[in-house]
Amino acid sequence: MFNKLISTLKRCGNALIAWFDSDATLSGKHANGSFLKWVRTTPFILIHLGCFAVFFVGVSWQAVAVAVFLYGFRVFALTGFYHRYFSHRSYKASRFWQFIFAICGMTAAQRGPLWWAAHHRHHHLHSDTELDAHSPRRDGFWRSHMGWFTDMQYYKTEYSRIGDFAKYPELVFLNRFDALVPIMLMVGLYFMGEAIIPNGGGMQFLVWGGCISTIAVYHVTFFINSLCHILGKQRFESHDDSRNNLWLALLTFGEGWHNNHHRYPASARQGFYWWEIDITYYILSFMEKIGIIYDMRKVPENILQEGKQLDQQQHSS
């Protein structure tokens with residue numbers, strides 16, 4: 001009985017440590033993977049449940065404005081920095097700015113930049129095959145949407161896939177302690193709310209900015225893994241189920257042009273043509289003009305011509 005209690009306490013300790021040190025899952029023996037899985041995913045569950053607290057804290061225009069701002073800021077940080085920079089290196093930036101980009105992306109609470117990018121690179125290598133961690137074709141909608149990252153086998157950061165950025169110790173530090181920035185954001189929201197709306201504004205900002213906004217960011221970006229491989233138009237033959245979806249492109253600032261992206265992942269632009277709205281690309285273009293980033297990679301002319309010819313064939317058929 002005593003040994004069983006000690007074993008349980010050790011598992012709890014390992015799981016709690018892994019909340020704050022994501023690389024802790026790389027060492028030690030976890031006798032009960034299911035137990036660790038539930039402890040590790042508790043914050044994800046709680047932030048969903050926290051949305052219901054809106055019925056107790058109420059609403060103010062200030063809290064909604066903060067939620068909307070954080071939605072836009074974090075969607076761009078994920079699409080422009082985690083995805084187009086760390087995953088695909090579609091433009092260049094200084095070491096200082098890439099550190100800032102990593103911090104911005106971490107506010108979305110989707111783990112560290114190296115973990116995120118390493119898994120995304122693996123996805124492109126094995127899209128919609130048996131090796132793809134989040135393919136609707138393989139495991140259905142819900143696992144591709146959010147079930148996959150609750151699986152213990154995907155908790156590790158595969159540093160071998162992201163060696164170009166893993167050589168920077170500051171990025172490894174941020175990736176390892178990936179809860180640090182989200183916690184700081186939550187604390188900052190509370191105190192900002194109390195300063196703006198005394199006696200209750202803190203919890204209101206926490207619920208709207210910390211829970212509701214975060215959940216919105218979660219699911220619109222998760223839809224790229226799930227819905228964008230189910231619903232939409234396939235312009236290019238990309239050897240997978242990736243699709244272009246206008247509505248998801250609007251919600252995710254351009255990521256919904258997913259079939260385009262799978263045809264040529266290296267491009268900083270995913271809306272290949274002027275009529276394909278790509279807000280992330282517009283912001284990145286501005287950042288290039290003011291010198292924050294440089295050498296943005298473009299879509300090759302032959303691929304643009306290929307897409308136009310395919311569109312003409314589909315319209316005429």
# chains A, B, ... in the order shown; residues from 1 in each chain; ligands from 1
$ select_by_dssp --residues "range 73-259 of chain A" --states "strand (DSSP E or B)" --output "MDAnalysis selection string"
chainID A and resid 92:93 233 244 257
$ write_last_selection --atoms "N, CA, C and O atoms" --output "tab-separated table (two decimals), in the first residue's frame"
chain	number	residue	atom	x	y	z
A	92	LYS	N	13.69	35.74	-43.60
A	92	LYS	CA	14.80	35.77	-42.65
A	92	LYS	C	14.61	36.89	-41.64
A	92	LYS	O	13.92	37.88	-41.91
A	93	ALA	N	15.24	36.73	-40.49
A	93	ALA	CA	15.18	37.74	-39.44
A	93	ALA	C	16.42	37.61	-38.57
A	93	ALA	O	17.09	36.58	-38.56
A	233	LYS	N	-11.63	23.49	-51.83
A	233	LYS	CA	-11.27	23.22	-53.23
A	233	LYS	C	-9.81	22.80	-53.33
A	233	LYS	O	-8.94	23.39	-52.71
A	244	ASN	N	-8.18	24.45	-50.26
A	244	ASN	CA	-8.31	25.89	-50.06
A	244	ASN	C	-9.72	26.19	-49.55
A	244	ASN	O	-10.70	25.71	-50.12
A	257	TRP	N	-5.68	28.98	-47.24
A	257	TRP	CA	-5.25	28.63	-48.61
A	257	TRP	C	-4.28	27.46	-48.50
A	257	TRP	O	-3.12	27.52	-48.88
$ residues_around --residues "Gln305 in chain A" --least-positions-apart "5" --cutoff "12 Å" --atoms "only C-alpha atoms" --output "ChimeraX atom specification"
/A:236,272-273,299-300,310-312
$ residues_around --residues "Tyr218 in chain A" --least-positions-apart "2" --cutoff "12 Å" --atoms "only C-alpha atoms" --output "PyMOL selection string"
chain A and resi 44+47-48+71+74-75+78+107-111+145-146+210-216+220-225+251-252
$ residues_around --residues "Phe81 in chain A" --least-positions-apart "2" --cutoff "9 Å" --atoms "only C-alpha atoms" --output "VMD selection string"
chain A and resid 76 to 79 83 to 87 98 101 to 102 104 to 105 113
$ write_last_selection --atoms "N, CA and C atoms" --output "short mmCIF file (atom, residue, chain, number, x, y, z; two decimals), in the first residue's frame"
data_model
loop_
_atom_site.label_atom_id
_atom_site.label_comp_id
_atom_site.auth_asym_id
_atom_site.auth_seq_id
_atom_site.Cartn_x
_atom_site.Cartn_y
_atom_site.Cartn_z
N PHE A 76 -2.00 36.01 -35.80
CA PHE A 76 -0.87 36.42 -36.65
C PHE A 76 0.45 35.84 -36.13
N ALA A 77 0.64 35.84 -34.82
CA ALA A 77 1.89 35.30 -34.27
C ALA A 77 2.08 33.84 -34.62
N LEU A 78 0.98 33.08 -34.62
CA LEU A 78 1.08 31.67 -34.99
C LEU A 78 1.32 31.50 -36.49
N THR A 79 0.56 32.24 -37.29
CA THR A 79 0.66 32.06 -38.74
C THR A 79 1.93 32.68 -39.30
N HIS A 83 4.47 29.44 -37.91
CA HIS A 83 4.30 28.67 -39.13
C HIS A 83 5.26 29.10 -40.24
N ARG A 84 5.14 30.34 -40.67
CA ARG A 84 5.89 30.74 -41.86
C ARG A 84 7.38 31.00 -41.57
N TYR A 85 7.70 31.30 -40.32
CA TYR A 85 9.13 31.51 -40.01
C TYR A 85 9.76 30.24 -39.45
N PHE A 86 9.31 29.80 -38.27
CA PHE A 86 9.99 28.68 -37.62
C PHE A 86 9.77 27.35 -38.35
N SER A 87 8.59 27.14 -38.91
CA SER A 87 8.35 25.86 -39.59
C SER A 87 8.94 25.82 -40.99
N GLN A 98 13.93 36.97 -34.00
CA GLN A 98 13.37 35.62 -33.91
C GLN A 98 13.05 35.26 -32.46
N PHE A 101 9.80 36.96 -31.92
CA PHE A 101 8.76 36.20 -32.61
C PHE A 101 8.33 34.99 -31.78
N ALA A 102 9.31 34.30 -31.17
CA ALA A 102 9.01 33.12 -30.37
C ALA A 102 8.14 33.49 -29.17
N CYS A 104 6.12 36.08 -28.91
CA CYS A 104 4.79 36.43 -29.41
C CYS A 104 3.97 35.17 -29.68
N GLY A 105 4.57 34.19 -30.32
CA GLY A 105 3.84 32.95 -30.62
C GLY A 105 3.44 32.19 -29.38
N PRO A 113 7.92 27.14 -29.70
CA PRO A 113 8.10 27.26 -31.15
C PRO A 113 8.81 26.07 -31.78
#
$ residues_around --residues "Pro169 in chain A" --least-positions-apart "5" --cutoff "12 Å" --atoms "only C-alpha atoms" --output "PyMOL selection string"
chain A and resi 95+99+114+163-164+174-176
$ write_last_selection --atoms "N, CA and C atoms" --output "PDB file, in the first residue's frame"
ATOM      1  N   ARG A  95      18.645  37.403 -35.044  1.00  0.00           N
ATOM      2  CA  ARG A  95      18.500  36.566 -33.852  1.00  0.00           C
ATOM      3  C   ARG A  95      17.636  37.259 -32.806  1.00  0.00           C
ATOM      4  N   PHE A  99      13.809  35.815 -31.515  1.00  0.00           N
ATOM      5  CA  PHE A  99      13.499  35.627 -30.100  1.00  0.00           C
ATOM      6  C   PHE A  99      12.171  36.302 -29.760  1.00  0.00           C
ATOM      7  N   LEU A 114       9.748  25.455 -31.059  1.00  0.00           N
ATOM      8  CA  LEU A 114      10.479  24.324 -31.629  1.00  0.00           C
ATOM      9  C   LEU A 114       9.604  23.077 -31.675  1.00  0.00           C
ATOM     10  N   GLY A 163      16.824  21.297 -36.010  1.00  0.00           N
ATOM     11  CA  GLY A 163      18.197  21.616 -35.633  1.00  0.00           C
ATOM     12  C   GLY A 163      18.643  23.003 -36.026  1.00  0.00           C
ATOM     13  N   ASP A 164      18.058  23.574 -37.075  1.00  0.00           N
ATOM     14  CA  ASP A 164      18.454  24.913 -37.508  1.00  0.00           C
ATOM     15  C   ASP A 164      18.115  25.976 -36.472  1.00  0.00           C
ATOM     16  N   LEU A 174      13.012  28.848 -24.117  1.00  0.00           N
ATOM     17  CA  LEU A 174      11.594  29.189 -24.250  1.00  0.00           C
ATOM     18  C   LEU A 174      10.769  27.954 -24.565  1.00  0.00           C
ATOM     19  N   ASN A 175      11.293  27.107 -25.434  1.00  0.00           N
ATOM     20  CA  ASN A 175      10.571  25.893 -25.805  1.00  0.00           C
ATOM     21  C   ASN A 175      10.417  24.955 -24.614  1.00  0.00           C
ATOM     22  N   ARG A 176      11.469  24.867 -23.801  1.00  0.00           N
ATOM     23  CA  ARG A 176      11.433  23.968 -22.651  1.00  0.00           C
ATOM     24  C   ARG A 176      10.443  24.445 -21.600  1.00  0.00           C
TER      25      ARG A 176
END
$ atom_distance --atom1 "CA of Trp115 in chain A" --atom2 "CA of Glu158 in chain A"
7.0 Å
$ closest_residue --among "A:Gln313, A:Gly209, A:Gly291, A:Ile230" --to "Cys51 in chain A" --atoms "only C-alpha atoms"
A:Gly209
$ closest_residue --among "A:Trp97, A:Trp275, A:Trp148, A:Trp116" --to "Tyr294 in chain A" --atoms "only C-alpha atoms"
A:Trp97
$ residues_around --residues "Ile183 in chain A" --least-positions-apart "5" --cutoff "12 Å" --atoms "only C-alpha atoms" --output "list in words"
Trp19, Phe20, Pro43, Met106, Thr107, Ala108, Ala109, Phe177, Asp178, Gly188, Leu189, Tyr190, Leu206 and Gly210 of chain A
$ select_by_dssp --residues "range 249-306 of chain A" --states "helix (DSSP H, G or I)" --output "PyMOL selection string"
chain A and resi 249-251+258-263+279-289+301-306
$ write_last_selection --atoms "N, CA, C and O atoms" --output "CSV table (one decimal), in the first residue's frame"
chain,number,residue,atom,x,y,z
A,249,ALA,N,-9.5,30.9,-44.4
A,249,ALA,CA,-8.5,31.8,-44.7
A,249,ALA,C,-8.8,33.2,-44.1
A,249,ALA,O,-7.8,33.8,-43.6
A,250,LEU,N,-10.0,33.6,-44.0
A,250,LEU,CA,-10.4,34.9,-43.4
A,250,LEU,C,-10.2,34.8,-41.9
A,250,LEU,O,-9.6,35.7,-41.2
A,251,LEU,N,-10.6,33.7,-41.3
A,251,LEU,CA,-10.5,33.5,-39.8
A,251,LEU,C,-9.0,33.4,-39.3
A,251,LEU,O,-8.7,33.8,-38.2
A,258,HIS,N,-4.8,26.4,-48.0
A,258,HIS,CA,-4.0,25.3,-47.5
A,258,HIS,C,-3.5,24.4,-48.6
A,258,HIS,O,-2.4,23.9,-48.6
A,259,ASN,N,-4.3,24.3,-49.7
A,259,ASN,CA,-3.8,23.5,-50.8
A,259,ASN,C,-2.7,24.2,-51.5
A,259,ASN,O,-1.7,23.6,-52.0
A,260,ASN,N,-2.8,25.5,-51.6
A,260,ASN,CA,-1.7,26.4,-52.2
A,260,ASN,C,-0.4,26.1,-51.4
A,260,ASN,O,0.7,25.9,-51.9
A,261,HIS,N,-0.6,26.1,-50.1
A,261,HIS,CA,0.6,26.0,-49.2
A,261,HIS,C,1.2,24.6,-49.3
A,261,HIS,O,2.5,24.6,-49.3
A,262,HIS,N,0.4,23.6,-49.5
A,262,HIS,CA,1.0,22.3,-49.6
A,262,HIS,C,1.7,22.1,-51.0
A,262,HIS,O,2.6,21.3,-51.2
A,263,ARG,N,1.3,22.9,-52.0
A,263,ARG,CA,1.9,22.9,-53.3
A,263,ARG,C,3.3,23.5,-53.2
A,263,ARG,O,4.3,23.0,-53.8
A,279,ILE,N,-4.0,38.0,-44.9
A,279,ILE,CA,-3.6,39.1,-44.1
A,279,ILE,C,-2.2,38.9,-43.5
A,279,ILE,O,-1.5,39.9,-43.3
A,280,THR,N,-1.9,37.7,-43.1
A,280,THR,CA,-0.5,37.5,-42.6
A,280,THR,C,0.5,38.0,-43.6
A,280,THR,O,1.5,38.6,-43.2
A,281,TYR,N,0.4,37.7,-44.8
A,281,TYR,CA,1.3,38.1,-45.8
A,281,TYR,C,1.4,39.6,-45.9
A,281,TYR,O,2.5,40.2,-46.1
A,282,TYR,N,0.3,40.3,-45.8
A,282,TYR,CA,0.2,41.7,-45.9
A,282,TYR,C,1.1,42.3,-44.8
A,282,TYR,O,1.8,43.3,-44.9
A,283,ILE,N,0.9,41.8,-43.6
A,283,ILE,CA,1.6,42.3,-42.4
A,283,ILE,C,3.1,42.0,-42.5
A,283,ILE,O,3.9,42.8,-42.2
A,284,LEU,N,3.4,40.8,-43.0
A,284,LEU,CA,4.8,40.4,-43.2
A,284,LEU,C,5.5,41.4,-44.2
A,284,LEU,O,6.6,41.8,-44.1
A,285,SER,N,4.7,41.7,-45.3
A,285,SER,CA,5.3,42.6,-46.3
A,285,SER,C,5.6,44.0,-45.7
A,285,SER,O,6.6,44.6,-46.0
A,286,PHE,N,4.7,44.4,-44.8
A,286,PHE,CA,5.0,45.7,-44.1
A,286,PHE,C,6.2,45.6,-43.2
A,286,PHE,O,7.1,46.5,-43.2
A,287,MET,N,6.3,44.5,-42.5
A,287,MET,CA,7.5,44.3,-41.7
A,287,MET,C,8.8,44.2,-42.5
A,287,MET,O,9.8,44.7,-42.0
A,288,GLU,N,8.7,43.7,-43.7
A,288,GLU,CA,9.9,43.7,-44.6
A,288,GLU,C,10.2,45.1,-45.0
A,288,GLU,O,11.4,45.5,-45.0
A,289,LYS,N,9.2,45.9,-45.3
A,289,LYS,CA,9.5,47.3,-45.7
A,289,LYS,C,10.2,48.1,-44.6
A,289,LYS,O,11.0,49.0,-44.9
A,301,GLU,N,7.1,31.6,-60.5
A,301,GLU,CA,6.2,32.0,-61.6
A,301,GLU,C,5.6,30.7,-62.3
A,301,GLU,O,4.4,30.7,-62.7
A,302,ASN,N,6.3,29.6,-62.4
A,302,ASN,CA,5.8,28.5,-63.0
A,302,ASN,C,4.6,27.8,-62.2
A,302,ASN,O,3.7,27.3,-62.8
A,303,ILE,N,4.7,28.0,-60.9
A,303,ILE,CA,3.6,27.5,-60.1
A,303,ILE,C,2.4,28.3,-60.2
A,303,ILE,O,1.2,27.9,-60.2
A,304,LEU,N,2.6,29.7,-60.3
A,304,LEU,CA,1.5,30.6,-60.5
A,304,LEU,C,0.8,30.3,-61.8
A,304,LEU,O,-0.5,30.3,-61.9
A,305,GLN,N,1.5,30.0,-62.8
A,305,GLN,CA,1.0,29.7,-64.1
A,305,GLN,C,0.2,28.4,-64.1
A,305,GLN,O,-0.8,28.2,-64.7
A,306,GLU,N,0.8,27.4,-63.4
A,306,GLU,CA,0.2,26.1,-63.3
A,306,GLU,C,-1.2,26.3,-62.6
A,306,GLU,O,-2.2,25.6,-63.1
$ atom_distance --atom1 "CA of Asp278 in chain A" --atom2 "CA of Ala166 in chain A"
29.0 Å
$ atom_distance --atom1 "CA of Ala117 in chain A" --atom2 "CA of Ile162 in chain A"
7.2 Å
$ closest_residue --among "A:Leu227, A:Leu180, A:Ala268, A:Ile292" --to "His88 in chain A" --atoms "only C-alpha atoms"
A:Ala268
$ closest_residue --among "A:Val54, A:Ile196, A:Leu246, A:Val172" --to "Leu231 in chain A" --atoms "only C-alpha atoms"
A:Leu246
$ decode --residues "range 148-253 of chain A" --atoms "C-alpha atoms" --output "mmCIF file, in the first residue's frame"
data_model
loop_
_atom_site.group_PDB
_atom_site.id
_atom_site.type_symbol
_atom_site.label_atom_id
_atom_site.label_comp_id
_atom_site.auth_asym_id
_atom_site.auth_seq_id
_atom_site.Cartn_x
_atom_site.Cartn_y
_atom_site.Cartn_z
ATOM 1 C CA TRP A 148 -3.506 14.025 -31.468
ATOM 2 C CA PHE A 149 -1.595 16.402 -29.190
ATOM 3 C CA THR A 150 -3.043 14.760 -26.058
ATOM 4 C CA ASP A 151 -1.256 11.557 -27.058
ATOM 5 C CA MET A 152 1.897 11.028 -24.996
ATOM 6 C CA GLN A 153 3.981 10.094 -28.044
ATOM 7 C CA TYR A 154 3.620 13.650 -29.381
ATOM 8 C CA TYR A 155 4.572 15.486 -26.179
ATOM 9 C CA LYS A 156 8.273 15.375 -26.968
ATOM 10 C CA THR A 157 10.047 17.992 -29.010
ATOM 11 C CA GLU A 158 11.892 16.184 -31.784
ATOM 12 C CA TYR A 159 14.923 18.452 -31.804
ATOM 13 C CA SER A 160 16.468 16.509 -34.681
ATOM 14 C CA ARG A 161 13.765 17.923 -36.963
ATOM 15 C CA ILE A 162 14.416 21.504 -35.934
ATOM 16 C CA GLY A 163 18.197 21.616 -35.633
ATOM 17 C CA ASP A 164 18.454 24.913 -37.508
ATOM 18 C CA PHE A 165 16.720 26.690 -34.619
ATOM 19 C CA ALA A 166 17.629 24.307 -31.780
ATOM 20 C CA LYS A 167 21.186 25.659 -31.977
ATOM 21 C CA TYR A 168 19.975 28.843 -30.256
ATOM 22 C CA PRO A 169 19.927 28.290 -26.467
ATOM 23 C CA GLU A 170 17.395 31.083 -25.895
ATOM 24 C CA LEU A 171 14.890 29.344 -28.161
ATOM 25 C CA VAL A 172 15.505 26.000 -26.460
ATOM 26 C CA PHE A 173 14.904 27.697 -23.094
ATOM 27 C CA LEU A 174 11.594 29.189 -24.250
ATOM 28 C CA ASN A 175 10.571 25.893 -25.805
ATOM 29 C CA ARG A 176 11.433 23.968 -22.651
ATOM 30 C CA PHE A 177 9.554 26.298 -20.312
ATOM 31 C CA ASP A 178 6.639 26.865 -22.656
ATOM 32 C CA ALA A 179 4.164 27.651 -19.867
ATOM 33 C CA LEU A 180 6.108 30.730 -18.773
ATOM 34 C CA VAL A 181 4.768 33.238 -21.326
ATOM 35 C CA PRO A 182 1.095 32.125 -21.140
ATOM 36 C CA ILE A 183 1.187 32.350 -17.339
ATOM 37 C CA MET A 184 2.700 35.824 -17.519
ATOM 38 C CA LEU A 185 -0.026 36.833 -19.991
ATOM 39 C CA MET A 186 -2.761 35.587 -17.666
ATOM 40 C CA VAL A 187 -1.304 37.418 -14.679
ATOM 41 C CA GLY A 188 -0.885 40.572 -16.744
ATOM 42 C CA LEU A 189 -4.503 40.383 -17.928
ATOM 43 C CA TYR A 190 -5.759 40.141 -14.369
ATOM 44 C CA PHE A 191 -3.848 43.163 -13.126
ATOM 45 C CA MET A 192 -4.639 45.191 -16.241
ATOM 46 C CA GLY A 193 -8.322 44.438 -15.741
ATOM 47 C CA GLU A 194 -8.194 45.504 -12.109
ATOM 48 C CA ALA A 195 -6.456 48.754 -13.084
ATOM 49 C CA ILE A 196 -9.068 49.580 -15.738
ATOM 50 C CA ILE A 197 -12.181 48.252 -13.972
ATOM 51 C CA PRO A 198 -11.550 48.057 -10.198
ATOM 52 C CA ASN A 199 -13.253 45.332 -8.157
ATOM 53 C CA GLY A 200 -14.002 42.742 -10.801
ATOM 54 C CA GLY A 201 -12.250 43.796 -13.970
ATOM 55 C CA GLY A 202 -9.375 41.429 -13.339
ATOM 56 C CA MET A 203 -11.500 38.308 -13.556
ATOM 57 C CA GLN A 204 -13.446 39.765 -16.475
ATOM 58 C CA PHE A 205 -10.252 40.357 -18.472
ATOM 59 C CA LEU A 206 -8.997 36.922 -17.478
ATOM 60 C CA VAL A 207 -12.139 35.199 -18.737
ATOM 61 C CA TRP A 208 -12.521 37.190 -21.955
ATOM 62 C CA GLY A 209 -8.859 37.677 -22.856
ATOM 63 C CA GLY A 210 -7.414 34.600 -21.203
ATOM 64 C CA CYS A 211 -10.082 31.981 -21.868
ATOM 65 C CA ILE A 212 -12.572 32.975 -24.573
ATOM 66 C CA SER A 213 -9.994 34.585 -26.860
ATOM 67 C CA THR A 214 -7.551 31.703 -26.377
ATOM 68 C CA ILE A 215 -10.190 29.082 -27.169
ATOM 69 C CA ALA A 216 -11.133 30.960 -30.330
ATOM 70 C CA VAL A 217 -7.468 31.006 -31.399
ATOM 71 C CA TYR A 218 -7.134 27.318 -30.560
ATOM 72 C CA HIS A 219 -9.979 26.104 -32.683
ATOM 73 C CA VAL A 220 -9.606 28.301 -35.756
ATOM 74 C CA THR A 221 -5.969 27.205 -36.037
ATOM 75 C CA PHE A 222 -6.851 23.570 -35.281
ATOM 76 C CA PHE A 223 -9.334 23.732 -38.166
ATOM 77 C CA ILE A 224 -6.399 23.937 -40.570
ATOM 78 C CA ASN A 225 -5.383 20.427 -39.509
ATOM 79 C CA SER A 226 -8.926 19.091 -39.622
ATOM 80 C CA LEU A 227 -11.407 20.995 -41.823
ATOM 81 C CA CYS A 228 -8.806 22.154 -44.342
ATOM 82 C CA HIS A 229 -8.207 18.510 -45.179
ATOM 83 C CA ILE A 230 -11.949 17.867 -45.598
ATOM 84 C CA LEU A 231 -13.775 20.946 -46.914
ATOM 85 C CA GLY A 232 -12.769 23.222 -49.772
ATOM 86 C CA LYS A 233 -11.266 23.218 -53.228
ATOM 87 C CA GLN A 234 -8.201 21.348 -54.423
ATOM 88 C CA ARG A 235 -6.504 23.425 -57.110
ATOM 89 C CA PHE A 236 -3.163 21.596 -57.093
ATOM 90 C CA GLU A 237 -2.335 17.920 -56.998
ATOM 91 C CA SER A 238 -0.428 17.881 -53.721
ATOM 92 C CA HIS A 239 -0.647 14.109 -53.022
ATOM 93 C CA ASP A 240 -2.739 14.693 -49.909
ATOM 94 C CA ASP A 241 -6.195 16.008 -48.924
ATOM 95 C CA SER A 242 -5.226 19.664 -48.384
ATOM 96 C CA ARG A 243 -7.841 22.166 -49.579
ATOM 97 C CA ASN A 244 -8.312 25.889 -50.061
ATOM 98 C CA ASN A 245 -11.090 27.311 -47.885
ATOM 99 C CA LEU A 246 -11.993 31.011 -48.076
ATOM 100 C CA TRP A 247 -13.760 31.183 -44.706
ATOM 101 C CA LEU A 248 -10.886 29.568 -42.860
ATOM 102 C CA ALA A 249 -8.486 31.847 -44.737
ATOM 103 C CA LEU A 250 -10.365 34.859 -43.365
ATOM 104 C CA LEU A 251 -10.476 33.501 -39.806
ATOM 105 C CA THR A 252 -6.802 32.479 -39.801
ATOM 106 C CA PHE A 253 -5.386 35.447 -41.725
#
